[in-house]
Each structure stands twice: as C-alpha cells, then as structure tokens.
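Trainee: Below you'll find protein08.txt; it's compact mmCIF, C-alpha atoms.
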```txt
# COMPACT_ATOMS: atom_id res chain seq x y z
CA MET A 1 152.10 56.77 114.95
CA LYS A 2 149.56 59.48 115.54
CA SER A 3 150.52 62.55 117.55
CA ASP A 4 147.46 61.91 119.75
CA THR A 5 148.78 58.45 120.63
CA LEU A 6 152.15 59.89 121.49
CA GLY A 7 150.56 62.56 123.68
CA GLN A 8 148.50 59.95 125.52
CA ILE A 9 151.58 57.78 126.17
CA GLN A 10 153.33 60.79 127.66
CA SER A 11 150.45 61.78 129.89
CA ASP A 12 150.02 58.18 131.10
CA ARG A 13 153.68 58.08 131.93
CA ASP A 14 153.49 61.37 133.82
CA GLY A 15 150.49 59.93 135.70
CA LYS A 16 152.47 56.72 136.49
CA LYS A 17 149.95 54.62 134.56
CA PRO A 18 151.13 51.60 132.55
CA VAL A 19 150.11 51.71 128.90
CA VAL A 20 150.71 49.33 126.00
CA ARG A 21 150.70 50.41 122.38
CA ALA A 22 149.24 47.71 120.11
CA LEU A 23 150.62 48.11 116.60
CA ASP A 24 149.52 46.01 113.61
CA LEU A 25 152.77 45.27 111.80
CA ALA A 26 151.03 44.76 108.45
CA THR A 27 149.00 47.95 108.36
CA GLY A 28 150.47 50.32 110.94
CA ASP A 29 147.08 50.57 112.68
CA GLU A 30 147.52 51.28 116.37
CA HIS A 31 145.61 51.64 119.57
CA LEU A 32 146.48 51.98 123.23
CA ILE A 33 145.62 49.44 125.91
CA HIS A 34 145.52 50.21 129.64
CA PRO A 35 146.18 46.62 130.66
CA PHE A 36 144.96 46.74 134.26
CA GLN A 37 141.79 48.77 133.83
CA GLY A 38 138.75 46.56 134.00
CA ASN A 39 138.55 42.83 133.39
CA SER A 40 138.63 41.33 129.98
CA ASN A 41 138.83 37.91 128.38
CA ASP A 42 140.21 39.44 125.21
CA PRO A 43 143.43 37.52 124.44
CA LEU A 44 145.07 40.70 123.15
CA ILE A 45 144.46 42.48 126.46
CA GLU A 46 145.67 39.44 128.38
CA ALA A 47 148.83 39.45 126.26
CA ALA A 48 149.23 43.17 126.99
CA GLN A 49 148.94 42.44 130.73
CA THR A 50 151.59 39.73 130.47
CA ALA A 51 153.89 42.05 128.52
CA ALA A 52 153.40 44.89 131.03
CA LEU A 53 154.01 42.63 134.04
CA ALA A 54 157.16 41.20 132.46
CA ASP A 55 158.12 44.71 131.37
CA LYS A 56 158.89 43.29 127.94
CA SER A 57 157.69 44.59 124.58
CA GLN A 58 156.80 41.66 122.29
CA VAL A 59 154.88 40.49 119.24
CA PHE A 60 151.47 38.86 119.77
CA GLU A 61 150.22 36.65 116.95
CA ALA A 62 146.53 35.90 116.40
CA ASP A 63 144.19 35.40 113.43
CA GLY A 64 147.11 35.69 111.03
CA LYS A 65 147.97 39.12 112.41
CA ARG A 66 151.21 40.17 114.07
CA ILE A 67 150.56 42.80 116.71
CA PHE A 68 153.53 44.47 118.38
CA LEU A 69 152.84 45.24 122.03
CA GLN A 70 155.09 48.07 123.14
CA VAL A 71 155.14 48.47 126.90
CA PHE A 72 155.42 51.87 128.52
CA ASN A 73 155.62 51.20 132.25
CA PRO A 74 155.94 53.81 134.96
CA PRO A 75 159.37 53.93 136.60
CA LEU A 76 160.27 51.38 139.27
CA ARG A 77 159.90 52.66 142.81
CA MET A 78 161.09 51.44 146.18
CA ILE A 79 159.66 52.54 149.50
CA VAL A 80 162.04 51.83 152.37
CA VAL A 81 160.43 52.03 155.81
CA GLY A 82 163.07 52.62 158.47
CA ALA A 83 166.02 54.94 157.99
CA VAL A 84 168.37 52.38 159.54
CA HIS A 85 171.90 51.21 158.82
CA ILE A 86 170.80 48.66 156.18
CA SER A 87 168.83 51.39 154.43
CA GLN A 88 171.97 53.48 154.07
CA ALA A 89 173.40 50.65 151.94
CA LEU A 90 170.16 49.61 150.24
CA VAL A 91 169.12 53.08 149.05
CA PRO A 92 172.15 53.82 146.81
CA MET A 93 172.14 50.23 145.47
CA ALA A 94 168.47 50.51 144.57
CA GLN A 95 169.05 53.86 142.89
CA ILE A 96 171.81 52.35 140.73
CA ALA A 97 169.43 49.52 139.80
CA GLY A 98 166.97 52.14 138.48
CA TYR A 99 164.55 52.59 141.40
CA ASP A 100 163.11 55.90 142.45
CA VAL A 101 163.56 55.53 146.23
CA THR A 102 161.63 57.08 149.11
CA VAL A 103 162.69 56.51 152.72
CA VAL A 104 159.96 56.69 155.37
CA ASP A 105 160.77 57.05 159.05
CA PRO A 106 158.71 59.05 161.55
CA ARG A 107 161.71 59.21 163.89
CA ARG A 108 163.32 62.44 162.73
CA ALA A 109 166.73 61.63 164.19
CA PHE A 110 166.90 58.58 161.90
CA GLY A 111 165.30 59.93 158.76
CA SER A 112 167.41 63.05 158.41
CA ASP A 113 168.83 64.59 155.24
CA LEU A 114 172.25 64.24 156.79
CA ARG A 115 172.06 60.45 156.82
CA PHE A 116 170.39 60.21 153.40
CA PRO A 117 171.70 62.98 151.18
CA GLY A 118 169.79 63.45 147.95
CA VAL A 119 167.02 60.96 148.81
CA THR A 120 163.29 61.67 149.12
CA LEU A 121 162.51 61.41 152.85
CA SER A 122 159.17 61.26 154.57
CA ASN A 123 158.82 61.74 158.32
CA ASP A 124 155.14 60.77 158.22
CA TRP A 125 153.88 57.59 159.84
CA PRO A 126 154.12 54.79 157.26
CA ASP A 127 150.35 54.38 156.77
CA THR A 128 150.01 58.08 155.96
CA ALA A 129 153.15 58.06 153.81
CA LEU A 130 151.98 55.02 151.81
CA GLU A 131 148.59 56.56 151.27
CA THR A 132 150.31 59.57 149.70
CA LEU A 133 152.79 57.51 147.68
CA THR A 134 150.11 55.11 146.31
CA PRO A 135 152.31 52.08 145.63
CA ASP A 136 151.53 50.24 142.37
CA ARG A 137 152.62 47.12 140.46
CA ARG A 138 156.00 48.74 139.81
CA THR A 139 156.67 49.43 143.51
CA ALA A 140 158.66 47.40 146.05
CA ILE A 141 158.07 48.03 149.77
CA VAL A 142 160.65 47.08 152.38
CA THR A 143 160.24 47.47 156.14
CA LEU A 144 163.47 47.47 158.13
CA THR A 145 162.77 48.85 161.61
CA HIS A 146 161.61 45.62 163.31
CA ASP A 147 159.56 47.91 165.50
CA PRO A 148 155.91 46.79 165.24
CA LYS A 149 154.80 50.36 165.92
CA ILE A 150 156.37 51.41 162.62
CA ASP A 151 156.51 48.21 160.51
CA ASP A 152 152.96 47.01 161.18
CA PRO A 153 151.11 50.06 159.85
CA ALA A 154 153.41 49.96 156.82
CA LEU A 155 152.61 46.29 156.17
CA ASN A 156 148.91 46.90 156.65
CA ALA A 157 148.97 49.57 153.98
CA ALA A 158 151.36 47.62 151.73
CA LEU A 159 149.11 44.54 151.69
CA LYS A 160 146.22 46.68 150.49
CA SER A 161 148.28 47.85 147.50
CA THR A 162 149.35 46.04 144.32
CA ALA A 163 153.07 46.39 145.15
CA PHE A 164 155.01 43.63 143.37
CA TYR A 165 157.25 43.01 146.37
CA ILE A 166 156.75 43.40 150.13
CA GLY A 167 159.60 42.40 152.42
CA SER A 168 160.04 42.72 156.14
CA LEU A 169 163.24 42.41 158.17
CA GLY A 170 163.31 40.16 161.21
CA SER A 171 164.19 36.65 162.38
CA ARG A 172 161.85 33.70 161.87
CA LYS A 173 160.51 34.28 165.39
CA THR A 174 159.94 37.98 164.79
CA HIS A 175 158.30 37.17 161.48
CA ALA A 176 155.98 34.53 163.00
CA ALA A 177 154.87 37.03 165.65
CA ARG A 178 154.31 39.61 162.92
CA LEU A 179 152.15 37.21 160.89
CA ALA A 180 150.11 36.42 163.99
CA ARG A 181 149.40 40.14 164.46
CA LEU A 182 148.45 40.51 160.78
CA SER A 183 146.18 37.50 161.07
CA ALA A 184 144.47 39.09 164.08
CA ALA A 185 144.09 42.24 162.00
CA GLY A 186 142.14 40.22 159.42
CA PHE A 187 144.75 39.40 156.76
CA ASP A 188 144.33 35.86 155.43
CA GLU A 189 147.12 33.42 154.58
CA ALA A 190 147.32 34.50 150.95
CA ALA A 191 147.91 38.08 152.06
CA GLN A 192 150.47 37.02 154.66
CA ALA A 193 152.29 34.93 152.02
CA ARG A 194 152.94 38.10 150.02
CA ILE A 195 155.42 39.21 152.68
CA ASP A 196 158.97 38.05 152.09
CA GLY A 197 160.25 37.18 155.54
CA PRO A 198 162.87 36.59 156.71
CA ILE A 199 163.71 39.14 154.06
CA GLY A 200 166.00 38.64 151.09
CA LEU A 201 167.65 35.94 149.03
CA ALA A 202 169.55 33.33 151.06
CA ILE A 203 173.17 34.24 150.37
CA GLY A 204 174.49 34.12 153.92
CA ALA A 205 174.50 37.91 154.24
CA LYS A 206 175.89 39.29 157.51
CA SER A 207 176.85 42.96 157.22
CA PRO A 208 174.28 45.68 156.49
CA ALA A 209 175.63 46.05 152.92
CA GLU A 210 175.43 42.30 152.31
CA ILE A 211 171.88 42.22 153.63
CA ALA A 212 171.08 45.08 151.23
CA VAL A 213 172.49 42.97 148.35
CA SER A 214 170.34 40.05 149.45
CA ILE A 215 167.20 42.24 149.57
CA LEU A 216 167.86 43.83 146.18
CA ALA A 217 168.58 40.39 144.68
CA LYS A 218 165.25 39.05 145.94
CA ILE A 219 163.40 42.11 144.65
CA THR A 220 165.07 41.66 141.25
CA GLN A 221 164.13 37.99 141.19
CA THR A 222 160.51 38.82 142.02
CA LEU A 223 160.42 41.54 139.37
CA ARG A 224 161.93 39.40 136.63
CA GLN A 225 160.64 35.93 137.46
CA GLY A 226 157.43 36.64 139.37
CA ALA A 227 156.54 36.17 143.02
CA THR A 228 155.58 32.49 142.74
CA GLU A 229 158.78 31.40 141.06
CA ALA A 230 160.87 33.53 143.37
CA LYS A 231 159.15 31.96 146.37
CA THR A 232 159.56 28.38 145.09
CA ALA A 233 163.19 29.02 144.31
CA SER A 234 163.98 30.22 147.81
CA VAL A 235 161.89 27.57 149.59
CA THR A 236 163.81 24.80 147.85
CA ARG A 237 167.11 26.29 148.88
CA PRO A 238 168.43 24.13 151.74
CA ASP A 239 170.57 26.94 153.15
CA LYS A 240 167.63 29.29 153.57
CA ALA A 241 167.05 28.74 157.29
CA GLU A 242 170.62 29.28 158.20
CA ALA A 243 171.47 32.08 155.84
CA SER A 244 168.35 34.22 155.72
CA ALA A 245 169.26 37.86 155.90
CA MET A 246 168.47 39.06 159.36
CA SER A 247 169.75 41.67 161.68
CA PRO A 248 171.69 40.38 164.71
CA THR A 249 169.45 42.46 166.95
CA ALA A 250 166.25 40.89 165.60
CA MET B 1 171.72 42.81 131.30
CA THR B 2 168.37 43.87 132.67
CA GLU B 3 168.38 47.22 131.02
CA SER B 4 164.70 47.67 130.41
CA PRO B 5 163.82 50.28 133.08
CA LEU B 6 166.58 52.51 131.78
CA VAL B 7 165.70 51.69 128.19
CA GLN B 8 162.14 52.66 128.84
CA GLN B 9 162.99 55.93 130.44
CA GLU B 10 165.10 56.55 127.43
CA GLU B 11 162.29 55.53 125.06
CA ALA B 12 159.94 57.99 126.76
CA ASP B 13 162.51 60.76 126.33
CA ILE B 14 162.99 59.83 122.68
CA LEU B 15 159.25 60.07 122.05
CA ARG B 16 159.19 63.40 123.88
CA GLN B 17 161.80 64.62 121.41
CA ALA B 18 159.73 63.28 118.50
CA ALA B 19 156.72 65.25 119.75
CA ALA B 20 158.82 68.40 120.13
CA TRP B 21 160.18 68.10 116.58
CA LYS B 22 156.71 67.49 115.22
CA ALA B 23 155.42 70.56 117.08
CA GLU B 24 158.12 72.62 115.32
CA GLY B 25 156.65 71.51 111.99
CA ARG B 26 159.39 69.03 111.08
CA ASP B 27 158.76 65.73 109.29
CA VAL B 28 159.35 62.92 111.78
CA ALA B 29 159.65 59.15 111.42
CA ILE B 30 159.88 56.61 114.23
CA ALA B 31 161.72 53.28 113.94
CA THR B 32 161.01 50.61 116.56
CA VAL B 33 162.69 47.26 117.16
CA VAL B 34 159.76 44.82 117.22
CA SER B 35 161.52 41.48 117.40
CA THR B 36 164.99 40.08 117.82
CA TRP B 37 166.69 36.72 117.36
CA GLY B 38 170.10 35.73 118.64
CA SER B 39 172.35 38.30 120.24
CA ALA B 40 170.67 41.46 118.98
CA PRO B 41 172.21 44.62 120.43
CA ARG B 42 168.99 46.38 121.48
CA PRO B 43 165.82 44.80 122.93
CA ALA B 44 162.33 44.97 121.41
CA GLY B 45 160.80 48.37 122.06
CA SER B 46 164.02 50.32 121.41
CA GLN B 47 163.40 53.32 119.19
CA LEU B 48 165.12 55.68 116.81
CA VAL B 49 163.51 58.97 115.83
CA VAL B 50 164.59 60.77 112.65
CA ASP B 51 163.61 64.15 111.22
CA GLY B 52 163.63 65.34 107.61
CA ALA B 53 167.15 66.76 107.99
CA MET B 54 168.41 63.37 109.22
CA ASN B 55 168.79 64.48 112.82
CA MET B 56 168.37 61.40 114.99
CA ILE B 57 167.87 60.44 118.60
CA GLY B 58 167.83 56.94 120.09
CA SER B 59 168.99 53.74 118.44
CA VAL B 60 167.75 50.41 117.16
CA SER B 61 171.03 48.53 116.96
CA GLY B 62 173.87 50.49 118.47
CA GLY B 63 175.06 51.77 115.11
CA CYS B 64 175.04 48.71 112.83
CA VAL B 65 171.94 49.39 110.76
CA GLU B 66 171.03 52.98 111.61
CA SER B 67 172.11 54.48 108.27
CA ALA B 68 169.89 52.05 106.33
CA VAL B 69 166.99 52.75 108.69
CA VAL B 70 167.43 56.51 108.21
CA GLN B 71 167.31 56.13 104.41
CA GLU B 72 164.05 54.18 104.66
CA ALA B 73 162.71 56.69 107.18
CA LEU B 74 163.19 59.55 104.71
CA ASP B 75 161.11 57.68 102.09
CA ILE B 76 158.43 56.86 104.64
CA MET B 77 158.21 60.51 105.72
CA GLU B 78 157.24 61.26 102.10
CA SER B 79 154.96 58.32 101.38
CA GLY B 80 153.37 57.89 104.79
CA THR B 81 153.34 54.12 104.22
CA PRO B 82 154.90 52.24 107.15
CA LYS B 83 157.33 49.40 106.51
CA LEU B 84 158.71 46.41 108.37
CA LEU B 85 162.44 46.01 107.78
CA GLU B 86 164.54 42.99 108.59
CA PHE B 87 168.26 43.00 109.23
CA GLY B 88 170.66 40.19 109.96
CA VAL B 89 173.77 38.47 108.78
CA SER B 90 171.65 35.70 107.28
CA ASN B 91 169.60 38.09 105.19
CA SER B 92 172.28 39.23 102.79
CA GLN B 93 170.13 39.30 99.67
CA ALA B 94 168.02 42.22 100.87
CA TRP B 95 170.59 44.25 102.76
CA ASP B 96 174.28 44.63 102.64
CA VAL B 97 174.27 46.04 106.14
CA GLY B 98 174.40 43.34 108.77
CA LEU B 99 174.61 43.05 112.49
CA ALA B 100 178.20 42.39 113.40
CA CYS B 101 177.11 40.45 116.48
CA GLY B 102 175.26 37.82 114.43
CA GLY B 103 171.79 38.72 115.59
CA LYS B 104 168.69 39.41 113.54
CA ILE B 105 166.19 42.19 114.11
CA GLN B 106 162.93 43.43 112.69
CA VAL B 107 162.41 47.18 112.70
CA PHE B 108 159.07 48.87 112.06
CA VAL B 109 159.39 52.32 110.53
CA GLU B 110 156.45 54.73 110.45
CA ARG B 111 155.71 58.41 110.01
CA LEU B 112 154.55 60.51 112.97
CA ASN B 113 151.26 61.94 111.76
```
Before we go any further, please render this structure as structure tokens.
Mentor:
Amino acid sequence: MKSDTLGQIQSDRDGKKPVVRALDLATGDEHLIHPFQGNSNDPLIEAAQTAALADKSQVFEADGKRIFLQVFNPPLRMIVVGAVHISQALVPMAQIAGYDVTVVDPRRAFGSDLRFPGVTLSNDWPDTALETLTPDRRTAIVTLTHDPKIDDPALNAALKSTAFYIGSLGSRKTHAARLARLSAAGFDEAAQARIDGPIGLAIGAKSPAEIAVSILAKITQTLRQGATEAKTASVTRPDKAEASAMSPTA
Amino acid sequence: MTESPLVQQEEADILRQAAAWKAEGRDVAIATVVSTWGSAPRPAGSQLVVDGAMNMIGSVSGGCVESAVVQEALDIMESGTPKLLEFGVSNSQAWDVGLACGGKIQVFVERLN
C-alpha cells in the first residue's frame, strides 16, 4: 500500500465519503474507487458499489484477475426527529448498535440535555437541521413526533437525501394522511414508498422500549438486506396490520 | 454477529497507526484478510499492522495465525514483494499453524511504501 493511498482513505473517512480500495491480489497494484461519484458501466465500479452498499469487503474476479475490494464506509448515523419518550429508548439502543445519533426537536422543553445526556441535540427546525447534517447512504432518519408541523418538513428533506432508511411513527390513518400531504407537495409514489410507516418491524411492540426495538430491528433489516427485501418481508407478514409499532396516542 | 461498523472503525484506526509509524521512519507491513471460508474468526477487510520491531496492532484471526503472519511481514518489509498467504486446517502441508475453529482464510501481506 502506498502512503498516498492511506492518506486519501483517511481524508475520505474524515469527510464521510465512502471509498473502496481495489487491490490486485497477484501484483499488489492498487487504486481507490469512489463508488457513488458519477455513473459507470465498468463492472469493477459496479462491484465496488455493491460492496459499499452491503458494507462488505470482498474479492471480485474478472479476466483471470482477483481484485480485493476493501470497503471504507463512513460511520452509520441516525437522525431522530422528536425528543419523545420512544426516542429516550431508541437513542441508547442505536448507540450500542454503532450509530452516531443526533436528536432534532425544535421544542426546547423536549430536546433538552437533561432528557438526553451525552447525545448531540439540535433545536433547529428539522428541514434546517437536515440541511446541516446532510444525510447520506449510511444514515437512517426516524420521525417520532406525529406532529405534521415537525415531521413533515423532516420527511420533505429526508426524501431529497440518499438516506438508506426513512421511518415515520403513526397509525395507518395518520400515515395515509401524511402520504396525501406528501403527494400534494409533489412526491410521487416511489418517493412515498421509501417511508416505512407504520414504523418498525411487526413484533407486536407496545411499550416505548419495545417500539424502539421494533424500529431498530427494521433499520437493521434494511441496512443488511436492502429496502426491497425488507419491505417484501414485512408485507408478507400476516400480523403486520395488528402488530405494527404505533403510539397509543397516534 | 454484524460487527462490520465497529470493525471498520477499528480498521480506520489501525491504518491511522500504520501512517503514524511510517511517519516516524519505521518499516511497516499491512496484512489484510481478503477471503474466508467456513467459520473464520475475522471477516474480510480485517487488518493487522506490523512494524520492524514486531510491534503489532489489529488482528487477522484473533490470535491463531498472527505469529506466522508477522514472520512473513518481516520478510516482506525487506523485499517489498507482496504475498498472498493461505491458512486453514485443511492446508497442513504449507503451514503448521491452523485455525482452531476449522475455518480457512487468505491474508494479503504488503509493505507500506
């Protein structure tokens, strides 16, 4: 490995940019690939994209060559909109699972250091906060206020990002009303389908902590198995309608 | 175990250490797990960094094959020629160090230039 390569990997990481090192296992020749910059039909770059999305270093074989693709992804992040009771359970769980968590709530009484010790808090409105945080493919965004004044601007901004997961708390009725508002705001069905709602994996969660487990489980499933598979898996679950994680006040 | 986010943070720290050692003028070699079969102890991408005095940081197997990797690393620091090593219980003719867990791994060892 060249020192230059190492330096570039470090600066990409500091800049939260995914980078893949392509290493020829026969010769030791190497180069770096930024998998999501520009479009390419090059199978090596496509393989690098797959490896980065799966967060899995792997060997790519082509033309008799074995190329090791070593993935250096930025850290996982979670943006939690709404400093509510569920967030108090979700935040520490997400931190244990390796997420760098930011809680956003413009209502200062909710988003106080007292309720969330040791967590990055933003009292900005969610659209402003998300603009600053620039969510990427390694970011999950969760809205938990069920107040359209706060959740809607967050969802608007989230849908314009590449966040790998967007989830929004609320009953089926609340969610349908939310989708109608997003539709009126110009988001098509494909965009609306990115929102996981009612939020979480169907495990019959009731208490705030259980709902937090359900949300983190769904985020993990989306991260590890991809949004499409995660969606199919939960749609085919017969208990989904009854057991979707929702707040009793929704 | 979905350990990769933590592993990767760790890998970044290991490379940071490699850069720091290099900056001090030490010889440095980097060993990377590139593929695994069966129940290998560390996933592909895991790294071990060694300097000329056999100081090490990181791991490629959780202790099973590190000493053999370090020996190779010292040679590679001299020669500059990278090498692909293979370890596993089924590969007894080449190595008398095996993975106790029954897995098989390939480790690429190279000099930091």
Trainee: Tell me the residues of chain A close to chain B, meaning within 7 Å using only C-alpha atoms, as number ranges by chain.
Mentor: A: 1-3, 25, 28, 57-59, 68, 70, 72, 75, 98
Trainee: For each of B:Ala40, B:Ala53, B:Leu48, B:Ala68, take the minimum atom-to-atom distance to Gly88 in chain B, counting all atoms listed in the file, then give the residue where this is smallest.
Mentor: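 The closest residue to Gly88 in chain B is B:Ala40.
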Trainee: Please return, as a ChimeraX atom specification, all polymer residues that have at least one atom within 12 Å of the point (171.9, 44.7, 145.6); use only C-alpha atoms and the file's own coordinate frame.
Mentor: /A:86-87,89-99,200-201,203,205,208-221
Trainee: Counting all atoms listed in the file, what is within 10 Å of Ala176 in chain A, bar same-chain residues fewer than 5 positions away, as number ranges by chain?
Mentor: A: 170-171, 181-182, 197-198
Trainee: Okay, now the selection with C-alpha atoms, as a short mmCIF file (atom, residue, chain, number, x, y, z; two decimals), in the frame of the given file?
Mentor:
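Output contents, as saved in out_17.cif:
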```cif
data_model
loop_
_atom_site.label_atom_id
_atom_site.label_comp_id
_atom_site.auth_asym_id
_atom_site.auth_seq_id
_atom_site.Cartn_x
_atom_site.Cartn_y
_atom_site.Cartn_z
CA GLY A 170 163.31 40.16 161.21
CA SER A 171 164.19 36.65 162.38
CA ARG A 181 149.40 40.14 164.46
CA LEU A 182 148.45 40.51 160.78
CA GLY A 197 160.25 37.18 155.54
CA PRO A 198 162.87 36.59 156.71
#
```
Trainee: In Å, how far is it from CA of Asp127 in chain A to CA of Val103 in chain A?
Mentor: 13.2 Å
Trainee: Please work out which residues fall within 10 Å of (161.2, 60.2, 102.6), coordinates as given in the file, with all atoms listed in the file counting, and return them as a PDB file with C-alpha atoms, in the coordinates of the input.
Mentor:
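What ended up in point-v3.pdb:
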```pdb
ATOM      1  CA  ASP B  27     158.760  65.730 109.290  1.00  0.00           C
ATOM      2  CA  VAL B  28     159.350  62.920 111.780  1.00  0.00           C
ATOM      3  CA  ALA B  29     159.650  59.150 111.420  1.00  0.00           C
ATOM      4  CA  ASP B  51     163.610  64.150 111.220  1.00  0.00           C
ATOM      5  CA  GLY B  52     163.630  65.340 107.610  1.00  0.00           C
ATOM      6  CA  VAL B  70     167.430  56.510 108.210  1.00  0.00           C
ATOM      7  CA  GLN B  71     167.310  56.130 104.410  1.00  0.00           C
ATOM      8  CA  GLU B  72     164.050  54.180 104.660  1.00  0.00           C
ATOM      9  CA  ALA B  73     162.710  56.690 107.180  1.00  0.00           C
ATOM     10  CA  LEU B  74     163.190  59.550 104.710  1.00  0.00           C
ATOM     11  CA  ASP B  75     161.110  57.680 102.090  1.00  0.00           C
ATOM     12  CA  ILE B  76     158.430  56.860 104.640  1.00  0.00           C
ATOM     13  CA  MET B  77     158.210  60.510 105.720  1.00  0.00           C
ATOM     14  CA  GLU B  78     157.240  61.260 102.100  1.00  0.00           C
ATOM     15  CA  SER B  79     154.960  58.320 101.380  1.00  0.00           C
ATOM     16  CA  GLY B  80     153.370  57.890 104.790  1.00  0.00           C
ATOM     17  CA  ARG B 111     155.710  58.410 110.010  1.00  0.00           C
TER      18      ARG B 111
END
```
Trainee: Excluding Leu159 in chain A and its own-chain neighbours fewer than 2 positions away, which residues fall within 9 Å of it when counting only C-alpha atoms? Please give them as a count of residues only.
Mentor: 13
Trainee: Kindly give the distance, in Å, that separates CA of Glu131 in chain A and CA of Ala158 in chain A, rounded to a single decimal.
Mentor: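 If I compute the distance from CA of Glu131 in chain A to CA of Ala158 in chain A, I get 9.4 Å.
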Trainee: Neighbours of Thr120 in chain A within 8 Å (all atoms listed in the file; same-chain residues fewer than 2 positions away dropped), as a ChimeraX atom specification?
Mentor: /A:101-103,118,122
Trainee: I'd like to know which of A:Ile9, A:Leu114, A:Ile67, A:Ala51 is closest to Thr27 in chain A, using all atoms listed in the file.
Mentor: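 Nearest to Thr27 in chain A: A:Ile67.
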Trainee: With only C-alpha atoms as the counted atoms, please give the residues lying no more than 12 Å from Lys16 in chain A, apart from itself and same-chain residues fewer than 2 positions off, as a ChimeraX atom specification.
Mentor: /A:9-14,18-19,34,72-77,133-139
Trainee: Tell me, in Å to one decimal, how far CA of Ala193 in chain A is from CA of Ile141 in chain A.
Mentor: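 Result for CA of Ala193 in chain A versus CA of Ile141 in chain A: 14.5 Å, one decimal.
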Trainee: With distances taken over all atoms listed in the file, which residue among B:Ala31, B:Gly103, B:Trp37, B:Ala20 lies nearest Glu66 in chain B?
Mentor: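 Checking each candidate against Glu66 in chain B, we get B:Ala31 as the closest.
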Trainee: Which residues are close to Ile33 in chain A, i.e. within 8 Å by only C-alpha atoms, leaving aside same-chain residues fewer than 5 positions away? Reply as a compact mmCIF listing (two decimals) with C-alpha atoms, in the coordinates of the input.
Mentor:
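That gives us result-v1.txt:
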```txt
# COMPACT_ATOMS: atom_id res chain seq x y z
CA VAL A 19 150.11 51.71 128.90
CA VAL A 20 150.71 49.33 126.00
CA ARG A 21 150.70 50.41 122.38
CA ALA A 22 149.24 47.71 120.11
CA ILE A 45 144.46 42.48 126.46
CA ALA A 48 149.23 43.17 126.99
```
Trainee: Go through A:Ala54, A:Leu223, A:Val71, A:Val104 one by one, measure the shortest atom-to-atom distance of each to Leu130 in chain A using all atoms listed in the file, and give the residue with the smallest value.
Mentor: A:Val104
